[in-house]
Amino acid sequence: MSESIEQSQTHSSRYADASLVRTKFADTIEEIIEAIGEVTLIAKRDGLVELLTFLRDEPSLKFNYLSDIGGVDLGEFASPRFAVAYQLYSLDHNHRLRIKVFLPEDDANLPTLSKVWKAANWLEREIYDMFGVNFEGHPDQRRILMPADYEGHPLRKDFPMKGY
Amino acid sequence: MQARELAVPTTSTSTFSPISMLRKSDPLADTRMTVSLGPQHPSTHGVLRLELVLDGETVVSAIPDIGYLHTGMEKTMEKEKWQQVVTITCRMDYLNSMGNDLGYCLAVEKLMGVEVPERAKVIRVLLTELNRIASHLVWFGTHAMDIGAMTGFFYAFTHREKILDLFECATGARFHQSYFVIGGARYDVPDNFIPLCQEFLDGFPSLLAEAKKLVTGNKIFQTRTKGVGVISKEDAINWALSGPTIRGSGLNWDIRKSEPYSGYETYDFNVPVYNDGDVWSRYLVRMDEFHESWKICCQALERLRTIGGSVKSDHPKLKLPERDLMKEHIDVMIHHFLLASEGFTVPVGEVYQSIESARGEIAYYIVSDGAERPYRVRVRTPSFVNLAALPAMVEGSLLADVVAVIGSIDIVLGDVDR
């Protein structure tokens with residue numbers, strides 16, 4: 001059985017050419033990965049806000065729409081433990097880009113993007129609630145889906161499926 | 001941990017601390033009144049709770065409190081096999097279950113590199129658009145009722161019932177169909193589905209005309225909605241609104257057009273856009289979408305008559321082997337056994353697939369570690385993101401308008417809380 005992945009004809013999401021920012025943000029960008037037609041830009045935490053602000057404002061990229069922020073727990077014993085993926089979309093150029101940041105468990109902090117996109121406010125709150133990632137400078141970092149007095153972060157892999 | 005301490009209420013009587021914080025900093029706090037709207041209020045469309053600070057009848061601030069319906073669906077998905085996840089996705093946005101299943105299936109198909117047969121694509125488009133009409137009918141009925149137009153509700157639900165009957169005919173279930181599978185549809189539609197669907201589609205335009213007469217032309221309804229809950233195009237983009245909510249703010253963006261899937265690029269339909277950004281504009285967008293979805297359904301039904309063939313991909317991971325072969329070859333038998341007991345695996349990787357649901361952009365960010373279960377399924381639900389902009393729409397308006405605005409962004413709390 002072939003395990004090869006090919007870009008299927010039916011899926012037409014276009015991903016942007018990220019090489020433009022590669023040299024400009026050489027310190028922030030670690031790697032650019034292209035798989036199944038999707039481009040992932042692995043970035044460091046330092047300079048993340050500047051990178052994303054540039055991606056939003058640069059006329060040839062113009063990622064003005066923050067589609068989603070998603071968290072991933074890579075496992076209890078993984079280092080770095082968490083990954084946070086920003087899904088950007090450009091309404092003007094109709095292309096997408098994914099920025100991914102890895103975070104160690106003992107320093108799970110990220111700068112907030114709520115000043116760049118208002119939509120980031122709730123999306124970051126959800127990641128804080130579900131994974132315990134702290135967003136520095138967030139205007140209103142509270143739990144959003146779980147009760148305020150809840151203990152633990154449910155989407156972490158060491159959180160039992162049946163709850164505590 | 002510092003931020004967590006903030007979130008824990010200091011007194012046992014108050015479980016929602018930010019309001020008390022807000023009131024302390026407000027010099028006019030004594031003259032203001034805090035009203036808790038919901039979670040059982042019928043106009044909140046489920047279990048949304050809004051903490052409203054009022055100055056007379058004017059809303060000073062609104063803080064949505066969500067999570068009442070949170071059941072940890074994303075967590076549960078991690079323990080289900082790839083195929084079993086569709087039984088959860090259709091329960092998230094329960095009014096648009098077909099669209100949710102479709103998005104998930106497309107994402108996994110993209111990860112696996114599977115091509116779906118033409119007939120399955122047509123069935124998918126037809127049923128998803130019927131579901132969009134059904135979802136919009138619920139919105140139409142409840143939104144009009146919130147504002148005081150009771151009669152429209154009965155017309156809308158009568159016709160929604162007919163669509164649910166069609167779903168029952170095609171899939172066996174009315175509400176949580178779980179009909180789309182990875183690689184196509186679970187089985188072909190029965191023979192009597194096409195005439196029944198034709199009958200519904202023939203009668204639908206007359207309903208639309210009636211509904212428009214009942215509500216659209218109603219002076220009271222117009223007064224209640226025009227200029228209410230305005231959000232500008234720039235703000236709508238900044239808040240990442242999607243679907244009819246952003247199209248009511250003058251942005252022509254529909255994922256069916258911009259990033260077509262399931263062959264939407266071959267259908268002839270328009271994207272209705274209105275520019276005022278108020279409740280009335282969003283109402284008009286959805287009313288026009290009835291007609292556009294109906295147009296797509298008519299075209300898809302025509303294709304269903306002519307396009308034959310299988311409705312499921314014959315990818316070896318997705319199709320069970322033939323029984324005759326199983327009797328002769330032990331390796332085919334083993335393959336069947338493993339597929340039926342353990343399920344199939346999906347190559348290592350990550351995928352982000354967006355589609356246009358009835359409420360906006362629903363997207364699945366799926367991470368696979370090569371196992372028979374998804375490692376992580378993140379769902380970007382349109383209601384969650386759209387609801388975040390509610391305070392921006394209602395602050396400064398009247399209390400009665402809050403209900404109109406909630407109806408106009410058409411949230412489903414199952415979709416918000418997951």
# chains A, B, ... in the order shown; residues from 1 in each chain; ligands from 1
call {"tool": "residues_around", "arguments": {"residues": "Ala120 in chain A", "least_positions_apart": "3", "cutoff": "10 Å", "atoms": "only C-alpha atoms", "output": "compact mmCIF listing (two decimals) with N, CA and C atoms, in the first residue's frame"}}
result
# COMPACT_ATOMS: atom_id res chain seq x y z
N LEU A 66 -6.96 36.33 10.11
CA LEU A 66 -6.46 35.26 10.98
C LEU A 66 -7.55 34.20 11.06
N SER A 67 -7.32 33.13 10.34
CA SER A 67 -8.37 32.12 10.25
C SER A 67 -8.49 31.34 11.55
N ASP A 68 -7.37 30.93 12.11
CA ASP A 68 -7.46 30.06 13.28
C ASP A 68 -6.13 30.05 14.03
N ILE A 69 -6.22 29.76 15.33
CA ILE A 69 -5.03 29.40 16.09
C ILE A 69 -5.33 28.06 16.74
N TYR A 86 -0.70 29.00 13.73
CA TYR A 86 -1.51 30.14 13.28
C TYR A 86 -1.84 29.91 11.80
N THR A 112 1.00 37.74 22.88
CA THR A 112 -0.38 37.76 22.37
C THR A 112 -0.45 38.45 21.02
N LEU A 113 -1.41 38.01 20.21
CA LEU A 113 -1.62 38.64 18.91
C LEU A 113 -2.89 39.49 18.91
N SER A 114 -3.49 39.65 20.10
CA SER A 114 -4.79 40.31 20.11
C SER A 114 -4.71 41.78 19.71
N LYS A 115 -3.48 42.31 19.67
CA LYS A 115 -3.36 43.69 19.18
C LYS A 115 -3.22 43.71 17.66
N VAL A 116 -2.83 42.59 17.08
CA VAL A 116 -2.69 42.52 15.63
C VAL A 116 -4.03 42.16 14.98
N TRP A 117 -4.66 41.13 15.52
CA TRP A 117 -6.01 40.75 15.08
C TRP A 117 -6.89 40.63 16.31
N LEU A 123 -9.44 33.06 20.50
CA LEU A 123 -8.72 31.86 20.08
C LEU A 123 -7.57 31.57 21.05
N GLU A 124 -6.90 32.65 21.52
CA GLU A 124 -5.82 32.47 22.49
C GLU A 124 -6.36 32.03 23.84
N ARG A 125 -7.51 32.58 24.19
CA ARG A 125 -8.11 32.16 25.47
C ARG A 125 -8.42 30.67 25.45
N GLU A 126 -8.87 30.19 24.30
CA GLU A 126 -9.18 28.76 24.22
C GLU A 126 -7.92 27.91 24.38
N HIS A 138 -1.97 39.45 27.08
CA HIS A 138 -3.36 39.24 26.67
C HIS A 138 -4.28 40.10 27.54
N ASN B 238 -11.04 42.13 10.78
CA ASN B 238 -10.19 42.07 11.97
C ASN B 238 -10.70 41.05 12.98
N TRP B 239 -12.02 40.93 13.08
CA TRP B 239 -12.61 39.95 13.99
C TRP B 239 -12.68 38.56 13.35
N ALA B 240 -12.24 38.45 12.11
CA ALA B 240 -12.26 37.18 11.37
C ALA B 240 -13.67 36.60 11.27
N VAL B 385 -15.96 32.01 16.48
CA VAL B 385 -15.25 33.22 16.07
C VAL B 385 -16.22 34.38 15.84
N ALA B 388 -17.40 36.05 19.09
CA ALA B 388 -16.42 36.90 19.76
C ALA B 388 -16.65 38.37 19.42
call {"tool": "select_by_dssp", "arguments": {"residues": "range 91-181 of chain B", "states": "helix (DSSP H, G or I)", "output": "PyMOL selection string"}}
result
chain B and resi 91-92+97-112+118-147+151-171
call {"tool": "residues_around", "arguments": {"residues": "Phe63 in chain A", "least_positions_apart": "4", "cutoff": "12 Å", "atoms": "only C-alpha atoms", "output": "MDAnalysis selection string"}}
result
(chainID A and resid 15:16 18 51:59 67 86:99 116:117) or (chainID B and resid 237:238 240)
call {"tool": "write_last_selection", "arguments": {"atoms": "N, CA, C and O atoms", "output": "compact mmCIF listing (two decimals), in the first residue's frame"}}
result
# COMPACT_ATOMS: atom_id res chain seq x y z
N TYR A 15 -1.37 28.08 -1.35
CA TYR A 15 -0.51 28.53 -0.25
C TYR A 15 0.52 29.49 -0.80
O TYR A 15 0.97 29.38 -1.93
N ALA A 16 0.87 30.46 0.03
CA ALA A 16 1.71 31.55 -0.43
C ALA A 16 3.18 31.11 -0.52
O ALA A 16 3.60 30.14 0.11
N ALA A 18 6.52 31.59 0.76
CA ALA A 18 7.00 32.20 2.00
C ALA A 18 8.47 32.60 1.92
O ALA A 18 9.01 33.15 2.88
N LEU A 51 6.90 39.39 12.84
CA LEU A 51 6.74 38.59 11.62
C LEU A 51 5.28 38.59 11.17
O LEU A 51 4.98 38.83 9.99
N LEU A 52 4.38 38.33 12.10
CA LEU A 52 2.97 38.25 11.73
C LEU A 52 2.41 39.61 11.33
O LEU A 52 1.58 39.70 10.43
N THR A 53 2.88 40.67 12.00
CA THR A 53 2.44 42.01 11.60
C THR A 53 2.94 42.32 10.18
O THR A 53 2.21 42.90 9.37
N PHE A 54 4.17 41.91 9.89
CA PHE A 54 4.70 42.13 8.54
C PHE A 54 3.88 41.36 7.51
O PHE A 54 3.51 41.89 6.46
N LEU A 55 3.57 40.10 7.84
CA LEU A 55 2.77 39.29 6.92
C LEU A 55 1.40 39.90 6.68
O LEU A 55 0.84 39.82 5.59
N ARG A 56 0.86 40.55 7.69
CA ARG A 56 -0.45 41.18 7.55
C ARG A 56 -0.38 42.41 6.66
O ARG A 56 -1.26 42.65 5.84
N ASP A 57 0.71 43.19 6.81
CA ASP A 57 0.75 44.49 6.16
C ASP A 57 1.44 44.51 4.80
O ASP A 57 1.19 45.40 4.00
N GLU A 58 2.35 43.57 4.55
CA GLU A 58 3.10 43.54 3.29
C GLU A 58 2.12 43.38 2.12
O GLU A 58 1.36 42.41 2.06
N PRO A 59 2.13 44.34 1.16
CA PRO A 59 1.11 44.30 0.10
C PRO A 59 1.13 43.04 -0.75
O PRO A 59 0.09 42.59 -1.20
N SER A 67 -7.32 33.13 10.34
CA SER A 67 -8.37 32.12 10.25
C SER A 67 -8.49 31.34 11.55
O SER A 67 -9.59 31.12 12.04
N TYR A 86 -0.70 29.00 13.73
CA TYR A 86 -1.51 30.14 13.28
C TYR A 86 -1.84 29.91 11.80
O TYR A 86 -0.94 29.72 11.00
N GLN A 87 -3.12 29.94 11.49
CA GLN A 87 -3.54 29.74 10.10
C GLN A 87 -3.92 31.10 9.54
O GLN A 87 -4.91 31.68 9.97
N LEU A 88 -3.12 31.57 8.59
CA LEU A 88 -3.40 32.89 8.02
C LEU A 88 -4.03 32.74 6.65
O LEU A 88 -3.77 31.78 5.93
N TYR A 89 -4.83 33.72 6.32
CA TYR A 89 -5.47 33.72 5.00
C TYR A 89 -5.48 35.15 4.49
O TYR A 89 -5.62 36.09 5.27
N SER A 90 -5.28 35.27 3.19
CA SER A 90 -5.34 36.60 2.58
C SER A 90 -6.61 36.71 1.77
O SER A 90 -6.79 35.97 0.80
N LEU A 91 -7.47 37.63 2.17
CA LEU A 91 -8.71 37.82 1.42
C LEU A 91 -8.44 38.46 0.06
O LEU A 91 -9.18 38.25 -0.89
N ASP A 92 -7.35 39.22 -0.03
CA ASP A 92 -7.05 39.92 -1.28
C ASP A 92 -6.41 39.00 -2.30
O ASP A 92 -6.73 39.02 -3.48
N HIS A 93 -5.46 38.17 -1.81
CA HIS A 93 -4.72 37.32 -2.76
C HIS A 93 -5.21 35.89 -2.76
O HIS A 93 -4.71 35.07 -3.53
N ASN A 94 -6.15 35.55 -1.89
CA ASN A 94 -6.69 34.21 -1.82
C ASN A 94 -5.60 33.15 -1.65
O ASN A 94 -5.51 32.19 -2.40
N HIS A 95 -4.73 33.36 -0.69
CA HIS A 95 -3.76 32.31 -0.38
C HIS A 95 -3.61 32.17 1.14
O HIS A 95 -4.03 33.06 1.90
N ARG A 96 -3.05 31.05 1.53
CA ARG A 96 -2.96 30.73 2.95
C ARG A 96 -1.51 30.51 3.36
O ARG A 96 -0.63 30.33 2.52
N LEU A 97 -1.30 30.47 4.67
CA LEU A 97 0.02 30.18 5.21
C LEU A 97 -0.16 29.74 6.66
O LEU A 97 -1.04 30.22 7.35
N ARG A 98 0.66 28.76 7.07
CA ARG A 98 0.58 28.31 8.45
C ARG A 98 1.89 28.63 9.15
O ARG A 98 2.96 28.32 8.65
N ILE A 99 1.80 29.32 10.28
CA ILE A 99 2.98 29.62 11.10
C ILE A 99 2.92 28.73 12.32
O ILE A 99 1.89 28.69 13.00
N VAL A 116 -2.83 42.59 17.08
CA VAL A 116 -2.69 42.52 15.63
C VAL A 116 -4.03 42.16 14.98
O VAL A 116 -4.45 42.77 14.00
N TRP A 117 -4.66 41.13 15.52
CA TRP A 117 -6.01 40.75 15.08
C TRP A 117 -6.89 40.63 16.31
O TRP A 117 -6.55 39.93 17.26
N ILE B 237 -13.26 42.00 9.15
CA ILE B 237 -12.06 41.25 8.78
C ILE B 237 -11.16 41.07 10.00
O ILE B 237 -10.63 39.99 10.24
N ASN B 238 -11.04 42.13 10.78
CA ASN B 238 -10.19 42.07 11.97
C ASN B 238 -10.70 41.05 12.98
O ASN B 238 -9.92 40.35 13.63
N ALA B 240 -12.24 38.45 12.11
CA ALA B 240 -12.26 37.18 11.37
C ALA B 240 -13.67 36.60 11.27
O ALA B 240 -13.86 35.40 11.40
call {"tool": "interface_residues", "arguments": {"of": "chain B", "to": "chain A", "cutoff": "8 Å", "atoms": "only C-alpha atoms", "output": "number ranges by chain"}}
result
B: 3-4, 6-9, 15-16, 65-68, 70, 72, 74-76, 110-115, 237-240, 253, 258-263, 316, 347, 349, 351, 365, 376, 378, 380, 385, 388-389, 417
call {"tool": "write_last_selection", "arguments": {"atoms": "N, CA and C atoms", "output": "short mmCIF file (atom, residue, chain, number, x, y, z; two decimals), in the first residue's frame"}}
result
data_model
loop_
_atom_site.label_atom_id
_atom_site.label_comp_id
_atom_site.auth_asym_id
_atom_site.auth_seq_id
_atom_site.Cartn_x
_atom_site.Cartn_y
_atom_site.Cartn_z
N ALA B 3 -1.94 34.16 35.86
CA ALA B 3 -3.20 34.50 35.23
C ALA B 3 -4.33 33.64 35.76
N ARG B 4 -4.03 32.43 36.16
CA ARG B 4 -5.05 31.53 36.67
C ARG B 4 -5.65 32.05 37.97
N LEU B 6 -6.07 35.03 38.76
CA LEU B 6 -7.02 36.09 38.42
C LEU B 6 -8.37 35.50 38.09
N ALA B 7 -8.36 34.35 37.40
CA ALA B 7 -9.60 33.78 36.91
C ALA B 7 -10.44 33.18 38.02
N VAL B 8 -9.82 32.81 39.12
CA VAL B 8 -10.58 32.18 40.21
C VAL B 8 -11.29 33.27 41.00
N PRO B 9 -12.60 33.15 41.17
CA PRO B 9 -13.33 34.18 41.90
C PRO B 9 -12.92 34.21 43.37
N THR B 15 -19.33 34.05 40.61
CA THR B 15 -18.51 33.08 39.88
C THR B 15 -17.95 33.71 38.62
N PHE B 16 -18.25 34.95 38.39
CA PHE B 16 -17.82 35.58 37.14
C PHE B 16 -17.14 36.89 37.49
N ASP B 65 -20.56 34.67 28.00
CA ASP B 65 -20.06 33.61 28.86
C ASP B 65 -20.48 32.31 28.21
N ILE B 66 -19.52 31.57 27.72
CA ILE B 66 -19.86 30.35 26.96
C ILE B 66 -19.27 29.13 27.65
N GLY B 67 -19.54 27.98 27.11
CA GLY B 67 -18.98 26.76 27.65
C GLY B 67 -20.01 25.86 28.29
N TYR B 68 -21.27 26.30 28.34
CA TYR B 68 -22.30 25.48 28.98
C TYR B 68 -22.51 24.16 28.23
N HIS B 70 -20.05 22.67 26.50
CA HIS B 70 -18.76 22.09 26.17
C HIS B 70 -18.71 20.64 26.61
N GLY B 72 -16.11 18.52 25.32
CA GLY B 72 -14.79 17.99 25.00
C GLY B 72 -14.76 17.16 23.73
N GLU B 74 -13.27 17.73 20.88
CA GLU B 74 -11.95 17.60 20.27
C GLU B 74 -11.13 16.53 20.99
N LYS B 75 -11.34 16.43 22.30
CA LYS B 75 -10.65 15.41 23.08
C LYS B 75 -11.18 14.02 22.71
N THR B 76 -12.49 13.92 22.60
CA THR B 76 -13.10 12.63 22.27
C THR B 76 -12.65 12.14 20.90
N LYS B 110 -7.63 14.74 1.87
CA LYS B 110 -6.47 15.49 1.39
C LYS B 110 -5.19 14.90 1.98
N LEU B 111 -5.25 14.53 3.25
CA LEU B 111 -4.09 13.95 3.92
C LEU B 111 -3.73 12.60 3.30
N MET B 112 -4.74 11.85 2.89
CA MET B 112 -4.49 10.52 2.33
C MET B 112 -4.26 10.56 0.83
N GLY B 113 -4.58 11.69 0.18
CA GLY B 113 -4.46 11.76 -1.26
C GLY B 113 -5.50 10.93 -1.98
N VAL B 114 -6.71 10.92 -1.46
CA VAL B 114 -7.79 10.10 -2.03
C VAL B 114 -8.66 10.95 -2.94
N GLU B 115 -9.01 10.42 -4.07
CA GLU B 115 -9.92 11.09 -5.00
C GLU B 115 -11.32 10.50 -4.81
N ILE B 237 -13.26 42.00 9.15
CA ILE B 237 -12.06 41.25 8.78
C ILE B 237 -11.16 41.07 10.00
N ASN B 238 -11.04 42.13 10.78
CA ASN B 238 -10.19 42.07 11.97
C ASN B 238 -10.70 41.05 12.98
N TRP B 239 -12.02 40.93 13.08
CA TRP B 239 -12.61 39.95 13.99
C TRP B 239 -12.68 38.56 13.35
N ALA B 240 -12.24 38.45 12.11
CA ALA B 240 -12.26 37.18 11.37
C ALA B 240 -13.67 36.60 11.27
N TRP B 253 -16.84 37.24 -0.15
CA TRP B 253 -15.94 36.12 0.12
C TRP B 253 -16.76 34.89 0.48
N SER B 258 -13.95 30.89 -3.62
CA SER B 258 -12.53 31.24 -3.58
C SER B 258 -11.64 30.01 -3.51
N GLU B 259 -12.06 28.98 -2.78
CA GLU B 259 -11.27 27.75 -2.73
C GLU B 259 -12.22 26.57 -2.93
N PRO B 260 -12.73 26.42 -4.14
CA PRO B 260 -13.82 25.44 -4.35
C PRO B 260 -13.40 24.01 -4.02
N TYR B 261 -14.35 23.26 -3.49
CA TYR B 261 -14.16 21.86 -3.14
C TYR B 261 -15.36 21.09 -3.65
N SER B 262 -15.24 19.80 -3.76
CA SER B 262 -16.35 18.94 -4.19
C SER B 262 -16.99 19.41 -5.50
N GLY B 263 -16.23 20.09 -6.33
CA GLY B 263 -16.74 20.50 -7.63
C GLY B 263 -17.66 21.69 -7.62
N PRO B 316 -7.61 1.14 -1.53
CA PRO B 316 -7.57 -0.11 -0.76
C PRO B 316 -7.77 0.08 0.74
N PRO B 347 -1.42 8.69 6.58
CA PRO B 347 0.00 9.07 6.60
C PRO B 347 0.29 10.21 7.58
N GLY B 349 1.34 13.62 8.99
CA GLY B 349 1.27 14.95 8.38
C GLY B 349 0.23 15.80 9.05
N VAL B 351 -2.88 18.91 8.12
CA VAL B 351 -3.69 19.47 7.04
C VAL B 351 -4.63 20.50 7.62
N TYR B 365 -8.13 21.45 11.40
CA TYR B 365 -6.67 21.33 11.41
C TYR B 365 -6.37 19.97 12.04
N ARG B 376 -4.65 14.71 16.64
CA ARG B 376 -5.28 15.94 17.11
C ARG B 376 -6.20 16.44 16.02
N ARG B 378 -8.31 19.80 15.46
CA ARG B 378 -8.70 21.13 15.92
C ARG B 378 -9.78 21.64 14.97
N ARG B 380 -11.97 24.78 13.78
CA ARG B 380 -12.22 26.21 13.81
C ARG B 380 -13.69 26.37 13.47
N VAL B 385 -15.96 32.01 16.48
CA VAL B 385 -15.25 33.22 16.07
C VAL B 385 -16.22 34.38 15.84
N ALA B 388 -17.40 36.05 19.09
CA ALA B 388 -16.42 36.90 19.76
C ALA B 388 -16.65 38.37 19.42
N ALA B 389 -17.22 38.63 18.24
CA ALA B 389 -17.44 40.02 17.82
C ALA B 389 -18.76 40.58 18.31
N ASP B 417 -19.37 25.82 21.63
CA ASP B 417 -18.77 25.17 22.79
C ASP B 417 -18.09 23.85 22.47
#
call {"tool": "atom_distance", "arguments": {"atom1": "CA of Tyr264 in chain B", "atom2": "CA of Thr345 in chain B"}}
result
28.7 Å
call {"tool": "select_by_dssp", "arguments": {"residues": "chain A", "states": "strand (DSSP E or B)", "output": "PyMOL selection string"}}
result
chain A and resi 15+29-35+38-43+65-73+82-90+95-103+109-111+134-136
call {"tool": "write_last_selection", "arguments": {"atoms": "N, CA and C atoms", "output": "short mmCIF file (atom, residue, chain, number, x, y, z; two decimals), in the first residue's frame"}}
result
data_model
loop_
_atom_site.label_atom_id
_atom_site.label_comp_id
_atom_site.auth_asym_id
_atom_site.auth_seq_id
_atom_site.Cartn_x
_atom_site.Cartn_y
_atom_site.Cartn_z
N TYR A 15 -1.37 28.08 -1.35
CA TYR A 15 -0.51 28.53 -0.25
C TYR A 15 0.52 29.49 -0.80
N ILE A 29 12.59 32.84 11.58
CA ILE A 29 12.13 31.66 10.83
C ILE A 29 13.18 30.56 10.90
N GLU A 30 12.76 29.40 11.35
CA GLU A 30 13.68 28.27 11.44
C GLU A 30 13.64 27.42 10.18
N GLU A 31 12.47 27.24 9.65
CA GLU A 31 12.32 26.28 8.56
C GLU A 31 11.04 26.57 7.79
N ILE A 32 11.06 26.24 6.50
CA ILE A 32 9.82 26.33 5.73
C ILE A 32 9.54 24.94 5.17
N ILE A 33 8.43 24.38 5.51
CA ILE A 33 8.09 23.01 5.11
C ILE A 33 6.93 23.07 4.14
N GLU A 34 7.04 22.30 3.06
CA GLU A 34 5.94 22.22 2.11
C GLU A 34 5.51 20.76 2.00
N ALA A 35 4.27 20.50 2.31
CA ALA A 35 3.74 19.14 2.19
C ALA A 35 2.29 19.19 1.79
N GLU A 38 0.59 22.40 1.20
CA GLU A 38 0.44 23.38 2.26
C GLU A 38 1.81 23.81 2.76
N VAL A 39 1.96 25.10 3.01
CA VAL A 39 3.25 25.63 3.44
C VAL A 39 3.19 25.93 4.94
N THR A 40 4.13 25.36 5.66
CA THR A 40 4.22 25.63 7.10
C THR A 40 5.52 26.35 7.37
N LEU A 41 5.43 27.43 8.10
CA LEU A 41 6.61 28.21 8.41
C LEU A 41 6.89 28.00 9.90
N ILE A 42 7.97 27.32 10.22
CA ILE A 42 8.30 27.08 11.62
C ILE A 42 9.03 28.32 12.13
N ALA A 43 8.47 28.94 13.16
CA ALA A 43 9.05 30.18 13.65
C ALA A 43 9.41 30.06 15.12
N TYR A 65 -6.37 38.13 7.31
CA TYR A 65 -7.43 37.36 7.97
C TYR A 65 -6.79 36.25 8.80
N LEU A 66 -6.96 36.33 10.11
CA LEU A 66 -6.46 35.26 10.98
C LEU A 66 -7.55 34.20 11.06
N SER A 67 -7.32 33.13 10.34
CA SER A 67 -8.37 32.12 10.25
C SER A 67 -8.49 31.34 11.55
N ASP A 68 -7.37 30.93 12.11
CA ASP A 68 -7.46 30.06 13.28
C ASP A 68 -6.13 30.05 14.03
N ILE A 69 -6.22 29.76 15.33
CA ILE A 69 -5.03 29.40 16.09
C ILE A 69 -5.33 28.06 16.74
N GLY A 70 -4.50 27.10 16.49
CA GLY A 70 -4.75 25.76 17.02
C GLY A 70 -3.57 25.28 17.83
N GLY A 71 -3.84 24.64 18.94
CA GLY A 71 -2.77 24.10 19.77
C GLY A 71 -2.64 22.60 19.58
N VAL A 72 -1.43 22.11 19.74
CA VAL A 72 -1.18 20.67 19.70
C VAL A 72 -0.27 20.32 20.87
N ASP A 73 -0.63 19.28 21.61
CA ASP A 73 0.26 18.76 22.65
C ASP A 73 1.01 17.59 22.04
N PHE A 82 4.70 21.67 23.32
CA PHE A 82 3.51 22.22 22.66
C PHE A 82 3.85 22.80 21.30
N ALA A 83 2.87 22.76 20.42
CA ALA A 83 2.97 23.48 19.15
C ALA A 83 1.72 24.33 19.02
N VAL A 84 1.90 25.56 18.58
CA VAL A 84 0.76 26.43 18.32
C VAL A 84 0.82 26.84 16.86
N ALA A 85 -0.26 26.59 16.14
CA ALA A 85 -0.27 26.83 14.70
C ALA A 85 -1.22 27.97 14.37
N TYR A 86 -0.70 29.00 13.73
CA TYR A 86 -1.51 30.14 13.28
C TYR A 86 -1.84 29.91 11.80
N GLN A 87 -3.12 29.94 11.49
CA GLN A 87 -3.54 29.74 10.10
C GLN A 87 -3.92 31.10 9.54
N LEU A 88 -3.12 31.57 8.59
CA LEU A 88 -3.40 32.89 8.02
C LEU A 88 -4.03 32.74 6.65
N TYR A 89 -4.83 33.72 6.32
CA TYR A 89 -5.47 33.72 5.00
C TYR A 89 -5.48 35.15 4.49
N SER A 90 -5.28 35.27 3.19
CA SER A 90 -5.34 36.60 2.58
C SER A 90 -6.61 36.71 1.77
N HIS A 95 -4.73 33.36 -0.69
CA HIS A 95 -3.76 32.31 -0.38
C HIS A 95 -3.61 32.17 1.14
N ARG A 96 -3.05 31.05 1.53
CA ARG A 96 -2.96 30.73 2.95
C ARG A 96 -1.51 30.51 3.36
N LEU A 97 -1.30 30.47 4.67
CA LEU A 97 0.02 30.18 5.21
C LEU A 97 -0.16 29.74 6.66
N ARG A 98 0.66 28.76 7.07
CA ARG A 98 0.58 28.31 8.45
C ARG A 98 1.89 28.63 9.15
N ILE A 99 1.80 29.32 10.28
CA ILE A 99 2.98 29.62 11.10
C ILE A 99 2.92 28.73 12.32
N LYS A 100 3.97 28.02 12.58
CA LYS A 100 3.95 27.09 13.71
C LYS A 100 5.07 27.44 14.67
N VAL A 101 4.74 27.46 15.95
CA VAL A 101 5.72 27.78 16.98
C VAL A 101 5.75 26.61 17.97
N PHE A 102 6.94 26.18 18.33
CA PHE A 102 7.06 25.12 19.32
C PHE A 102 7.43 25.73 20.67
N LEU A 103 6.87 25.14 21.73
CA LEU A 103 7.09 25.70 23.06
C LEU A 103 7.48 24.59 24.03
N ASN A 109 5.10 30.06 27.09
CA ASN A 109 4.62 31.44 26.97
C ASN A 109 4.70 31.89 25.53
N LEU A 110 3.73 32.66 25.12
CA LEU A 110 3.72 33.22 23.78
C LEU A 110 3.28 34.67 23.88
N PRO A 111 3.79 35.53 22.99
CA PRO A 111 3.25 36.90 22.96
C PRO A 111 1.85 36.89 22.39
N ASN A 134 0.47 30.21 28.18
CA ASN A 134 0.24 31.56 28.67
C ASN A 134 0.51 32.58 27.56
N PHE A 135 -0.40 33.50 27.37
CA PHE A 135 -0.21 34.53 26.35
C PHE A 135 0.12 35.85 27.03
N GLU A 136 1.37 36.26 26.88
CA GLU A 136 1.83 37.46 27.57
C GLU A 136 1.19 38.70 26.95
#
call {"tool": "residues_around", "arguments": {"residues": "Val53 in chain B", "least_positions_apart": "2", "cutoff": "8 Å", "atoms": "only C-alpha atoms", "output": "ChimeraX atom specification"}}
result
/B:32-35,51,55,59-62
call {"tool": "atom_distance", "arguments": {"atom1": "CA of Leu126 in chain B", "atom2": "CA of Gln353 in chain B"}}
result
19.9 Å
